[in-house]
file query_25.cif (mmCIF, C-alpha atoms)
data_final
loop_
_atom_site.label_atom_id
_atom_site.label_comp_id
_atom_site.auth_asym_id
_atom_site.auth_seq_id
_atom_site.Cartn_x
_atom_site.Cartn_y
_atom_site.Cartn_z
CA MET N 152 -75.78 -17.96 -147.56
CA ALA N 153 -75.69 -15.49 -150.48
CA HIS N 154 -77.01 -12.68 -148.29
CA LYS N 155 -74.14 -13.29 -145.86
CA THR N 156 -71.32 -13.59 -148.40
CA GLY N 157 -72.62 -10.87 -150.76
CA SER N 158 -71.89 -13.09 -153.75
CA PHE N 159 -73.49 -16.06 -155.47
CA SER N 160 -70.03 -17.43 -156.29
CA ALA N 161 -68.87 -17.18 -152.66
CA ALA N 162 -72.10 -18.81 -151.47
CA ALA N 163 -71.60 -21.66 -153.95
CA LEU N 164 -68.04 -22.18 -152.71
CA GLU N 165 -69.15 -22.14 -149.07
CA LEU N 166 -71.92 -24.68 -149.68
CA GLY N 167 -69.92 -26.87 -152.06
CA VAL N 168 -72.29 -26.44 -155.03
CA THR N 169 -72.08 -24.70 -158.40
CA HIS N 170 -72.81 -21.05 -159.12
CA ALA N 171 -75.66 -22.23 -161.35
CA ALA N 172 -77.25 -24.18 -158.48
CA ILE N 173 -77.25 -21.08 -156.29
CA SER N 174 -78.78 -19.01 -159.09
CA ARG N 175 -81.57 -21.57 -159.59
CA ARG N 176 -82.36 -21.59 -155.87
CA VAL N 177 -82.52 -17.80 -155.79
CA ASP N 178 -84.83 -17.84 -158.84
CA VAL N 179 -87.16 -20.27 -157.05
CA LEU N 180 -87.21 -18.05 -153.94
CA GLU N 181 -87.91 -14.88 -155.94
CA ASN N 182 -90.66 -16.61 -157.93
CA TRP N 183 -92.22 -17.71 -154.62
CA ALA N 184 -91.97 -14.16 -153.23
CA GLY N 185 -93.35 -12.68 -156.47
CA GLN N 186 -90.56 -10.07 -156.66
CA LYS N 187 -86.82 -9.64 -156.58
CA ILE N 188 -85.10 -10.00 -153.23
CA PHE N 189 -81.51 -9.44 -154.37
CA GLN N 190 -80.09 -6.30 -155.94
CA ARG N 191 -77.48 -7.39 -158.53
CA GLN N 192 -74.30 -5.29 -158.61
CA ALA N 193 -71.08 -5.46 -160.55
CA ARG N 194 -69.18 -6.90 -157.60
CA GLY N 195 -71.84 -9.04 -155.98
CA VAL N 196 -75.39 -8.90 -154.64
CA LEU N 197 -77.22 -7.07 -151.86
CA VAL N 198 -80.46 -8.10 -150.17
CA ASN N 199 -83.12 -5.45 -150.79
CA GLU N 200 -85.78 -4.34 -148.31
CA VAL N 201 -88.26 -7.02 -149.36
CA GLY N 202 -85.57 -9.68 -149.06
CA GLN N 203 -84.61 -8.49 -145.59
CA ARG N 204 -88.19 -8.91 -144.39
CA ILE N 205 -88.47 -12.37 -145.89
CA LEU N 206 -85.12 -13.50 -144.50
CA ALA N 207 -86.05 -12.21 -141.04
CA ARG N 208 -89.22 -14.30 -141.09
CA ILE N 209 -87.35 -17.38 -142.31
CA GLU N 210 -84.68 -17.02 -139.59
CA HIS N 211 -87.38 -16.59 -136.95
CA ALA N 212 -89.18 -19.73 -138.16
CA LEU N 213 -85.94 -21.74 -138.17
CA ALA N 214 -85.14 -20.54 -134.64
CA GLN N 215 -88.57 -21.72 -133.44
CA LEU N 216 -88.03 -25.12 -135.05
CA ASP N 217 -84.64 -25.43 -133.33
CA SER N 218 -86.24 -24.51 -130.02
CA LEU N 219 -89.00 -27.09 -130.41
CA ALA N 220 -86.49 -29.75 -131.41
CA GLY N 221 -84.33 -28.95 -128.38
CA SER N 222 -87.34 -29.07 -126.09
CA ALA N 223 -88.42 -32.44 -127.47
CA GLU N 224 -84.89 -33.76 -127.04
CA ARG N 225 -84.76 -32.60 -123.42
CA GLN N 226 -88.12 -34.19 -122.67
CA THR N 227 -86.97 -37.46 -124.21
CA SER N 228 -83.61 -37.58 -122.46
CA VAL N 229 -84.74 -36.42 -118.98
CA PRO N 230 -88.29 -37.50 -118.06
CA GLU N 231 -90.15 -35.04 -115.82
CA VAL N 232 -92.22 -36.21 -112.85
CA ARG N 233 -94.61 -33.88 -111.04
CA ILE N 234 -95.02 -34.42 -107.30
CA SER N 235 -97.49 -32.56 -105.08
CA VAL N 236 -96.55 -32.11 -101.40
CA THR N 237 -97.15 -29.70 -98.55
CA PRO N 238 -94.69 -26.81 -98.18
CA SER N 239 -93.26 -28.26 -94.97
CA PHE N 240 -92.71 -31.72 -96.48
CA ALA N 241 -90.92 -30.13 -99.43
CA ARG N 242 -88.77 -27.99 -97.15
CA TYR N 243 -87.73 -30.54 -94.54
CA TRP N 244 -87.75 -33.88 -96.37
CA LEU N 245 -88.06 -33.74 -100.16
CA ILE N 246 -85.81 -30.89 -101.32
CA PRO N 247 -82.74 -32.05 -99.32
CA ARG N 248 -83.08 -35.44 -101.05
CA LEU N 249 -83.90 -34.33 -104.61
CA VAL N 250 -80.36 -34.86 -105.84
CA HIS N 251 -80.53 -38.55 -104.83
CA ILE N 252 -83.93 -39.00 -106.47
CA GLU N 253 -83.06 -37.26 -109.73
CA ASP N 254 -79.51 -38.37 -110.49
CA THR N 255 -79.23 -42.07 -109.65
CA PRO N 256 -79.17 -44.46 -111.36
CA ALA N 257 -80.92 -42.92 -114.40
CA ARG N 258 -81.77 -39.25 -114.46
CA LEU N 259 -85.19 -37.80 -113.70
CA ARG N 260 -86.39 -34.25 -113.24
CA MET N 261 -88.76 -33.72 -110.32
CA GLN N 262 -91.18 -30.80 -110.59
CA VAL N 263 -92.18 -30.04 -106.99
CA GLN N 264 -95.68 -28.59 -106.56
CA THR N 265 -96.34 -27.27 -103.04
CA ASP N 266 -99.85 -26.73 -101.77
CA TRP N 267 -101.91 -27.39 -98.66
CA ARG N 268 -104.82 -28.64 -100.73
CA HIS N 269 -104.92 -32.14 -102.22
CA ALA N 270 -103.84 -32.12 -105.87
CA ASP N 271 -105.99 -34.14 -108.28
CA LEU N 272 -104.03 -37.28 -109.11
CA VAL N 273 -106.82 -39.05 -110.99
CA ASN N 274 -107.36 -36.28 -113.56
CA GLY N 275 -103.66 -35.79 -114.27
CA GLU N 276 -102.98 -32.63 -112.28
CA THR N 277 -99.87 -34.34 -110.90
CA ASP N 278 -98.00 -37.66 -111.17
CA LEU N 279 -97.29 -38.33 -107.49
CA VAL N 280 -98.95 -37.10 -104.31
CA VAL N 281 -97.76 -37.16 -100.71
CA ARG N 282 -100.72 -36.95 -98.31
CA TYR N 283 -100.68 -36.76 -94.53
CA GLY N 284 -103.36 -38.47 -92.49
CA LEU N 285 -104.83 -41.86 -91.60
CA GLY N 286 -104.44 -43.41 -95.06
CA ASN N 287 -106.95 -45.37 -97.14
CA TRP N 288 -107.43 -42.47 -99.54
CA GLY N 289 -109.07 -44.74 -102.12
CA ILE N 290 -107.09 -43.55 -105.15
CA GLY N 291 -104.23 -45.15 -107.07
CA VAL N 292 -101.43 -47.10 -105.42
CA GLU N 293 -100.91 -45.96 -101.82
CA GLN N 294 -97.85 -46.71 -99.70
CA LYS N 295 -96.96 -45.53 -96.21
CA MET N 296 -93.61 -43.75 -96.38
CA PHE N 297 -92.19 -44.29 -92.88
CA ASN N 298 -93.06 -44.81 -89.22
CA GLU N 299 -93.16 -41.45 -87.49
CA THR N 300 -92.32 -40.41 -83.94
CA LEU N 301 -93.28 -37.12 -82.31
CA CYS N 302 -91.30 -35.41 -79.58
CA PRO N 303 -91.88 -32.04 -77.82
CA VAL N 304 -89.43 -29.24 -78.66
CA VAL N 305 -89.13 -25.79 -77.10
CA SER N 306 -86.93 -22.74 -77.47
CA ALA N 307 -83.97 -22.44 -75.12
CA ARG N 308 -85.79 -19.49 -73.53
CA LEU N 309 -88.63 -21.75 -72.35
CA LEU N 310 -86.39 -24.56 -71.23
CA THR N 311 -86.39 -24.34 -67.44
CA SER N 312 -85.66 -26.81 -64.69
CA GLY N 313 -89.39 -27.21 -64.17
CA ILE N 314 -89.95 -28.56 -67.71
CA ALA N 315 -87.20 -31.13 -68.12
CA GLY N 316 -88.59 -34.56 -67.30
CA ASN N 317 -91.96 -33.14 -66.19
CA ALA N 318 -94.84 -33.88 -68.55
CA GLN N 319 -97.32 -31.91 -66.46
CA ALA N 320 -95.13 -28.80 -66.72
CA VAL N 321 -94.86 -29.26 -70.48
CA ALA N 322 -98.64 -29.54 -70.84
CA LYS N 323 -99.14 -26.26 -68.95
CA LEU N 324 -97.18 -24.33 -71.61
CA PRO N 325 -98.95 -23.15 -74.80
CA LEU N 326 -99.06 -26.18 -77.12
CA LEU N 327 -98.65 -25.58 -80.85
CA HIS N 328 -100.86 -27.68 -83.11
CA VAL N 329 -100.78 -28.45 -86.82
CA ALA N 330 -104.34 -28.06 -88.17
CA ASP N 331 -105.79 -30.35 -85.49
CA SER N 332 -104.66 -31.72 -82.13
CA ALA N 333 -104.22 -35.38 -83.13
CA GLY N 334 -100.53 -35.38 -82.26
CA TRP N 335 -100.95 -33.72 -78.90
CA ARG N 336 -103.91 -35.96 -78.02
CA ALA N 337 -101.74 -39.02 -78.64
CA TRP N 338 -98.94 -37.50 -76.56
CA ALA N 339 -101.25 -36.56 -73.69
CA LYS N 340 -102.89 -39.99 -73.66
CA ARG N 341 -99.51 -41.44 -72.73
CA TYR N 342 -98.06 -38.75 -70.47
CA VAL N 343 -100.91 -36.50 -69.20
CA PRO N 344 -104.17 -38.50 -69.31
CA ARG N 345 -106.35 -35.67 -67.94
CA TRP N 346 -105.04 -33.07 -70.36
CA ARG N 347 -107.48 -30.63 -71.96
CA GLN N 348 -106.81 -28.00 -74.58
CA LYS N 349 -106.23 -24.49 -73.22
CA GLU N 350 -107.05 -21.04 -74.53
CA ALA N 351 -103.29 -20.36 -74.74
CA ASP N 352 -102.78 -23.24 -77.20
CA ARG N 353 -102.29 -22.23 -80.83
CA SER N 354 -103.15 -23.86 -84.16
CA PHE N 355 -101.19 -23.43 -87.41
CA SER N 356 -101.90 -24.69 -90.91
CA ASP N 357 -98.39 -25.99 -91.51
CA TYR N 358 -95.79 -28.03 -89.59
CA GLY N 359 -93.02 -25.59 -90.50
CA GLN N 360 -94.99 -22.72 -89.01
CA CYS N 361 -95.29 -24.65 -85.73
CA LEU N 362 -91.53 -25.12 -85.53
CA GLU N 363 -90.91 -21.46 -86.29
CA ALA N 364 -93.41 -20.43 -83.61
CA ALA N 365 -91.61 -22.68 -81.12
CA GLN N 366 -88.28 -21.16 -82.11
CA HIS N 367 -89.66 -17.74 -81.19
CA GLY N 368 -90.79 -18.94 -77.76
CA LEU N 369 -94.53 -19.06 -78.46
CA GLY N 370 -94.96 -22.55 -77.01
CA VAL N 371 -94.14 -26.23 -77.41
CA ALA N 372 -94.24 -27.94 -80.81
CA LEU N 373 -94.13 -31.62 -81.69
CA TRP N 374 -91.03 -32.44 -83.73
CA ASN N 375 -91.48 -35.17 -86.32
CA ARG N 376 -88.17 -37.05 -86.30
CA ALA N 377 -88.87 -38.89 -89.58
CA MET N 378 -89.42 -35.63 -91.45
CA HIS N 379 -85.88 -34.51 -90.67
CA GLY N 380 -83.94 -37.74 -90.66
CA PRO N 381 -80.27 -37.07 -89.88
CA GLN N 382 -80.70 -33.31 -90.19
CA SER N 383 -80.36 -31.14 -87.11
CA LEU N 384 -83.48 -29.70 -85.58
CA GLY N 385 -82.40 -26.14 -86.16
CA GLU N 386 -80.93 -23.34 -84.14
CA GLY N 387 -82.85 -22.26 -81.06
CA LEU N 388 -84.86 -25.42 -80.41
CA VAL N 389 -84.28 -28.08 -77.76
CA VAL N 390 -85.72 -31.60 -77.79
CA LEU N 391 -87.43 -32.67 -74.56
CA GLU N 392 -86.02 -36.21 -74.49
CA GLY N 393 -87.97 -39.06 -72.92
CA PHE N 394 -91.38 -37.88 -74.19
CA ASP N 395 -91.56 -39.53 -77.62
CA VAL N 396 -94.87 -40.89 -78.87
CA PRO N 397 -95.80 -42.71 -82.12
CA ASN N 398 -97.52 -40.38 -84.56
CA PRO N 399 -101.18 -41.41 -85.07
CA LEU N 400 -100.97 -39.95 -88.57
CA ALA N 401 -98.46 -40.68 -91.37
CA HIS N 402 -97.27 -39.55 -94.80
CA TYR N 403 -98.46 -41.65 -97.74
CA LEU N 404 -97.08 -41.69 -101.28
CA ILE N 405 -99.82 -42.18 -103.88
CA ARG N 406 -99.40 -42.79 -107.62
CA ARG N 407 -101.54 -43.93 -110.52
CA HIS N 408 -101.48 -47.51 -111.81
CA ALA N 409 -98.78 -47.65 -114.51
CA PRO N 410 -95.96 -49.90 -115.78
CA LEU N 411 -93.11 -50.30 -113.30
CA ASP N 412 -90.64 -48.59 -115.65
CA ALA N 413 -92.84 -45.50 -116.09
CA PRO N 414 -91.01 -42.39 -114.78
CA PRO N 415 -93.50 -41.74 -111.91
CA ASN N 416 -93.06 -45.32 -110.69
CA VAL N 417 -89.27 -45.06 -110.95
CA ALA N 418 -89.35 -41.84 -108.90
CA ALA N 419 -91.72 -43.43 -106.38
CA GLN N 420 -89.41 -46.40 -105.85
CA ARG N 421 -86.47 -44.07 -105.24
CA LEU N 422 -88.49 -42.07 -102.73
CA LEU N 423 -89.55 -45.20 -100.86
CA ALA N 424 -86.00 -46.58 -100.90
CA LEU N 425 -84.77 -43.41 -99.18
CA CYS N 426 -87.56 -43.76 -96.62
CA ALA N 427 -86.55 -47.37 -95.90
CA GLU N 428 -82.90 -46.34 -95.47
CA GLY N 429 -83.84 -43.54 -93.12
CA ALA N 430 -81.77 -41.20 -95.28
#

call {"tool": "encode", "arguments": {"input": "query_25.cif", "output": "structure tokens"}}
result
Amino acid sequence: MAHKTGSFSAAALELGVTHAAISRRVDVLENWAGQKIFQRQARGVLVNEVGQRILARIEHALAQLDSLAGSAERQTSVPEVRISVTPSFARYWLIPRLVHIEDTPARLRMQVQTDWRHADLVNGETDLVVRYGLGNWGIGVEQKMFNETLCPVVSARLLTSGIAGNAQAVAKLPLLHVADSAGWRAWAKRYVPRWRQKEADRSFSDYGQCLEAAQHGLGVALWNRAMHGPQSLGEGLVVLEGFDVPNPLAHYLIRRHAPLDAPPNVAAQRLLALCAEGA
């Protein structure tokens, strides 16, 4: 305070202590530094060069302590939960619902990690994992998120009178797959039993890429209704109604064994509640 006021007396008044108390504290600081840090003048004091360096270091250290304290407070007040999902699941399902997961009834902060690979739940790489497949992953607590239905979608450019209501005509168009053809095999088993994959069919690594390819008229994609919920399909795509089929695969939420009130479990229950509501 003395270096700001330029006077021991003014510093004492500001801090509510005596002039003698300020002088003793300055003596202790100068003894610790091994040299004078104040230049005494007739009308007050000035911090010398040595004092300026010391004060700069002290202020920097105090700022770091404040930062650490603030960080610890934030971590205590708003628990953070890491969740690993595919980019398409984050885009179409998770991100539009984050506000409901984080803010009610008690606050959480979800750190969304997007990757096509499977994050390591067991070794603590993440707190929650959403995996897509047949289930029975053999790790942690696994719960199916929702029943899923697939339906063909095409761009308006490909929608002709020969496609509507004609499964054979749909199957003759380039079919857009996600990684494998499980969805289209299930669809064909119901509507086109003698279907075989064609050279014109395309495979993409991500569901979102399939929808974008369909939007640009590259073929027919399978729209996953559960992934979008009440959201619109998107501009430029048309649903071929009457050709729904249950998805042979599903999304599963997996978490480690932990107390029910642990933040990852709280987040998981909110996720599953939204799935049950169809929100």

call {"tool": "closest_residue", "arguments": {"input": "query_25.cif", "among": "N:Val396, N:Ala419, N:Val390, N:Val292", "to": "N:Leu310", "atoms": "all atoms listed in the file"}}
result
N:Val390

call {"tool": "residues_around", "arguments": {"input": "query_25.cif", "residues": "N:Gln264", "least_positions_apart": "6", "cutoff": "12 Å", "atoms": "all atoms listed in the file", "output": "PDB file with C-alpha atoms, keeping the file's coordinate frame"}}
result
ATOM      1  CA  VAL N 232     -92.220 -36.210-112.850  1.00  0.00           C
ATOM      2  CA  ARG N 233     -94.610 -33.880-111.040  1.00  0.00           C
ATOM      3  CA  ILE N 234     -95.020 -34.420-107.300  1.00  0.00           C
ATOM      4  CA  SER N 235     -97.490 -32.560-105.080  1.00  0.00           C
ATOM      5  CA  VAL N 236     -96.550 -32.110-101.400  1.00  0.00           C
ATOM      6  CA  THR N 237     -97.150 -29.700 -98.550  1.00  0.00           C
ATOM      7  CA  PRO N 238     -94.690 -26.810 -98.180  1.00  0.00           C
ATOM      8  CA  SER N 239     -93.260 -28.260 -94.970  1.00  0.00           C
ATOM      9  CA  PHE N 240     -92.710 -31.720 -96.480  1.00  0.00           C
ATOM     10  CA  ALA N 241     -90.920 -30.130 -99.430  1.00  0.00           C
ATOM     11  CA  ARG N 242     -88.770 -27.990 -97.150  1.00  0.00           C
ATOM     12  CA  LEU N 245     -88.060 -33.740-100.160  1.00  0.00           C
ATOM     13  CA  ILE N 246     -85.810 -30.890-101.320  1.00  0.00           C
ATOM     14  CA  ALA N 270    -103.840 -32.120-105.870  1.00  0.00           C
ATOM     15  CA  ASP N 271    -105.990 -34.140-108.280  1.00  0.00           C
ATOM     16  CA  GLU N 276    -102.980 -32.630-112.280  1.00  0.00           C
ATOM     17  CA  THR N 277     -99.870 -34.340-110.900  1.00  0.00           C
ATOM     18  CA  ASP N 278     -98.000 -37.660-111.170  1.00  0.00           C
ATOM     19  CA  LEU N 279     -97.290 -38.330-107.490  1.00  0.00           C
ATOM     20  CA  VAL N 280     -98.950 -37.100-104.310  1.00  0.00           C
ATOM     21  CA  VAL N 281     -97.760 -37.160-100.710  1.00  0.00           C
TER      22      VAL N 281
END

call {"tool": "resolve_selection", "arguments": {"input": "query_25.cif", "expression": "the PyMOL selection byres ((chain N and resi 288) around 12)", "output": "VMD selection string"}}
result
chain N and resid 269 272 to 273 280 to 287 289 to 295 402 to 406

call {"tool": "atom_distance", "arguments": {"input": "query_25.cif", "atom1": "atom CA of N:Ser332", "atom2": "atom CA of N:Arg353"}}
result
9.9 Å

call {"tool": "resolve_selection", "arguments": {"input": "query_25.cif", "expression": "the PyMOL selection byres ((chain N and resi 338) around 12)", "output": "PyMOL selection string"}}
result
chain N and resi 300-303+318-319+321-322+326+328+332-337+339-347+372-374+393-399

call {"tool": "write_last_selection", "arguments": {"input": "query_25.cif", "atoms": "C-alpha atoms", "output": "PDB file, keeping the file's coordinate frame"}}
result
ATOM      1  CA  THR N 300     -92.320 -40.410 -83.940  1.00  0.00           C
ATOM      2  CA  LEU N 301     -93.280 -37.120 -82.310  1.00  0.00           C
ATOM      3  CA  CYS N 302     -91.300 -35.410 -79.580  1.00  0.00           C
ATOM      4  CA  PRO N 303     -91.880 -32.040 -77.820  1.00  0.00           C
ATOM      5  CA  ALA N 318     -94.840 -33.880 -68.550  1.00  0.00           C
ATOM      6  CA  GLN N 319     -97.320 -31.910 -66.460  1.00  0.00           C
ATOM      7  CA  VAL N 321     -94.860 -29.260 -70.480  1.00  0.00           C
ATOM      8  CA  ALA N 322     -98.640 -29.540 -70.840  1.00  0.00           C
ATOM      9  CA  LEU N 326     -99.060 -26.180 -77.120  1.00  0.00           C
ATOM     10  CA  HIS N 328    -100.860 -27.680 -83.110  1.00  0.00           C
ATOM     11  CA  SER N 332    -104.660 -31.720 -82.130  1.00  0.00           C
ATOM     12  CA  ALA N 333    -104.220 -35.380 -83.130  1.00  0.00           C
ATOM     13  CA  GLY N 334    -100.530 -35.380 -82.260  1.00  0.00           C
ATOM     14  CA  TRP N 335    -100.950 -33.720 -78.900  1.00  0.00           C
ATOM     15  CA  ARG N 336    -103.910 -35.960 -78.020  1.00  0.00           C
ATOM     16  CA  ALA N 337    -101.740 -39.020 -78.640  1.00  0.00           C
ATOM     17  CA  ALA N 339    -101.250 -36.560 -73.690  1.00  0.00           C
ATOM     18  CA  LYS N 340    -102.890 -39.990 -73.660  1.00  0.00           C
ATOM     19  CA  ARG N 341     -99.510 -41.440 -72.730  1.00  0.00           C
ATOM     20  CA  TYR N 342     -98.060 -38.750 -70.470  1.00  0.00           C
ATOM     21  CA  VAL N 343    -100.910 -36.500 -69.200  1.00  0.00           C
ATOM     22  CA  PRO N 344    -104.170 -38.500 -69.310  1.00  0.00           C
ATOM     23  CA  ARG N 345    -106.350 -35.670 -67.940  1.00  0.00           C
ATOM     24  CA  TRP N 346    -105.040 -33.070 -70.360  1.00  0.00           C
ATOM     25  CA  ARG N 347    -107.480 -30.630 -71.960  1.00  0.00           C
ATOM     26  CA  ALA N 372     -94.240 -27.940 -80.810  1.00  0.00           C
ATOM     27  CA  LEU N 373     -94.130 -31.620 -81.690  1.00  0.00           C
ATOM     28  CA  TRP N 374     -91.030 -32.440 -83.730  1.00  0.00           C
ATOM     29  CA  GLY N 393     -87.970 -39.060 -72.920  1.00  0.00           C
ATOM     30  CA  PHE N 394     -91.380 -37.880 -74.190  1.00  0.00           C
ATOM     31  CA  ASP N 395     -91.560 -39.530 -77.620  1.00  0.00           C
ATOM     32  CA  VAL N 396     -94.870 -40.890 -78.870  1.00  0.00           C
ATOM     33  CA  PRO N 397     -95.800 -42.710 -82.120  1.00  0.00           C
ATOM     34  CA  ASN N 398     -97.520 -40.380 -84.560  1.00  0.00           C
ATOM     35  CA  PRO N 399    -101.180 -41.410 -85.070  1.00  0.00           C
TER      36      PRO N 399
END

call {"tool": "residues_around", "arguments": {"input": "query_25.cif", "residues": "N:Asn199", "least_positions_apart": "4", "cutoff": "7 Å", "atoms": "all atoms listed in the file", "output": "list in words"}}
result
Ile188, Phe189, Gln190 and Gln203 of chain N

call {"tool": "residues_near_point", "arguments": {"input": "query_25.cif", "point": "(-90.7, -17.9, -83.9)", "cutoff": "12 Å", "atoms": "all atoms listed in the file", "output": "PyMOL selection string"}}
result
chain N and resi 305-308+327+359-372+385-388

call {"tool": "resolve_selection", "arguments": {"input": "query_25.cif", "expression": "the PyMOL selection byres ((chain N and resi 418) around 10)", "output": "PyMOL selection string"}}
result
chain N and resi 231-234+252-253+258-261+278-279+412-417+419-424

call {"tool": "atom_distance", "arguments": {"input": "query_25.cif", "atom1": "atom CA of N:Cys426", "atom2": "atom CA of N:Met378"}}
result
9.8 Å

call {"tool": "closest_residue", "arguments": {"input": "query_25.cif", "among": "N:Asn182, N:Val229, N:Asp357, N:Val329", "to": "N:Asp266", "atoms": "only C-alpha atoms"}}
result
N:Asp357

call {"tool": "atom_distance", "arguments": {"input": "query_25.cif", "atom1": "atom CA of N:Gln186", "atom2": "atom CA of N:Ile205"}}
result
11.2 Å

call {"tool": "residues_around", "arguments": {"input": "query_25.cif", "residues": "N:Ala377", "least_positions_apart": "5", "cutoff": "10 Å", "atoms": "all atoms listed in the file", "output": "list in words"}}
result
Tyr243, Trp244, Met296, Phe297, Asn298, Glu299, Thr300, Leu301, Gln382, Ala401, His402, Cys426, Gly429 and Ala430 of chain N

call {"tool": "decode", "arguments": {"input": "query_25.cif", "residues": "stretch 225-287 of chain N", "atoms": "C-alpha atoms", "output": "compact mmCIF listing (two decimals), in the first residue's frame"}}
result
# COMPACT_ATOMS: atom_id res chain seq x y z
CA ARG N 225 -15.49 -22.90 -10.64
CA GLN N 226 -14.69 -26.61 -10.56
CA THR N 227 -16.47 -26.96 -7.23
CA SER N 228 -19.57 -25.02 -8.21
CA VAL N 229 -20.04 -26.42 -11.75
CA PRO N 230 -18.92 -30.06 -12.13
CA GLU N 231 -17.53 -30.92 -15.57
CA VAL N 232 -18.46 -34.14 -17.36
CA ARG N 233 -16.59 -35.34 -20.45
CA ILE N 234 -18.61 -37.19 -23.07
CA SER N 235 -17.17 -38.85 -26.18
CA VAL N 236 -19.45 -39.10 -29.24
CA THR N 237 -19.20 -39.23 -33.01
CA PRO N 238 -19.28 -35.88 -34.85
CA SER N 239 -22.71 -36.63 -36.33
CA PHE N 240 -24.24 -37.57 -32.97
CA ALA N 241 -22.89 -34.34 -31.48
CA ARG N 242 -24.22 -32.29 -34.37
CA TYR N 243 -27.71 -33.73 -34.74
CA TRP N 244 -28.64 -34.93 -31.25
CA LEU N 245 -26.37 -33.83 -28.41
CA ILE N 246 -25.53 -30.17 -29.05
CA PRO N 247 -29.17 -29.09 -29.61
CA ARG N 248 -29.99 -30.60 -26.20
CA LEU N 249 -26.96 -29.45 -24.17
CA VAL N 250 -28.83 -26.58 -22.56
CA HIS N 251 -31.37 -29.05 -21.08
CA ILE N 252 -28.63 -31.37 -19.85
CA GLU N 253 -26.46 -28.67 -18.29
CA ASP N 254 -28.92 -26.27 -16.68
CA THR N 255 -31.65 -28.33 -15.02
CA PRO N 256 -32.16 -29.00 -12.21
CA ALA N 257 -28.58 -28.51 -10.95
CA ARG N 258 -25.91 -27.16 -13.25
CA LEU N 259 -23.33 -29.29 -15.06
CA ARG N 260 -20.80 -28.45 -17.73
CA MET N 261 -20.54 -30.97 -20.55
CA GLN N 262 -17.21 -31.18 -22.37
CA VAL N 263 -18.05 -32.74 -25.74
CA GLN N 264 -15.26 -34.81 -27.31
CA THR N 265 -15.94 -35.78 -30.93
CA ASP N 266 -14.10 -38.63 -32.59
CA TRP N 267 -14.83 -41.62 -34.80
CA ARG N 268 -12.63 -43.85 -32.69
CA HIS N 269 -13.79 -45.32 -29.37
CA ALA N 270 -12.52 -43.25 -26.43
CA ASP N 271 -11.05 -45.20 -23.50
CA LEU N 272 -13.64 -45.10 -20.73
CA VAL N 273 -11.91 -47.58 -18.43
CA ASN N 274 -8.63 -45.65 -18.19
CA GLY N 275 -10.29 -42.29 -17.59
CA GLU N 276 -9.96 -40.72 -21.03
CA THR N 277 -13.63 -39.70 -20.76
CA ASP N 278 -16.56 -39.95 -18.33
CA LEU N 279 -19.33 -41.00 -20.71
CA VAL N 280 -19.26 -42.68 -24.12
CA VAL N 281 -21.94 -42.99 -26.78
CA ARG N 282 -21.24 -45.97 -29.05
CA TYR N 283 -23.15 -47.09 -32.12
CA GLY N 284 -23.52 -50.77 -32.91
CA LEU N 285 -25.01 -54.03 -31.65
CA GLY N 286 -24.32 -53.41 -27.95
CA ASN N 287 -22.76 -55.72 -25.35
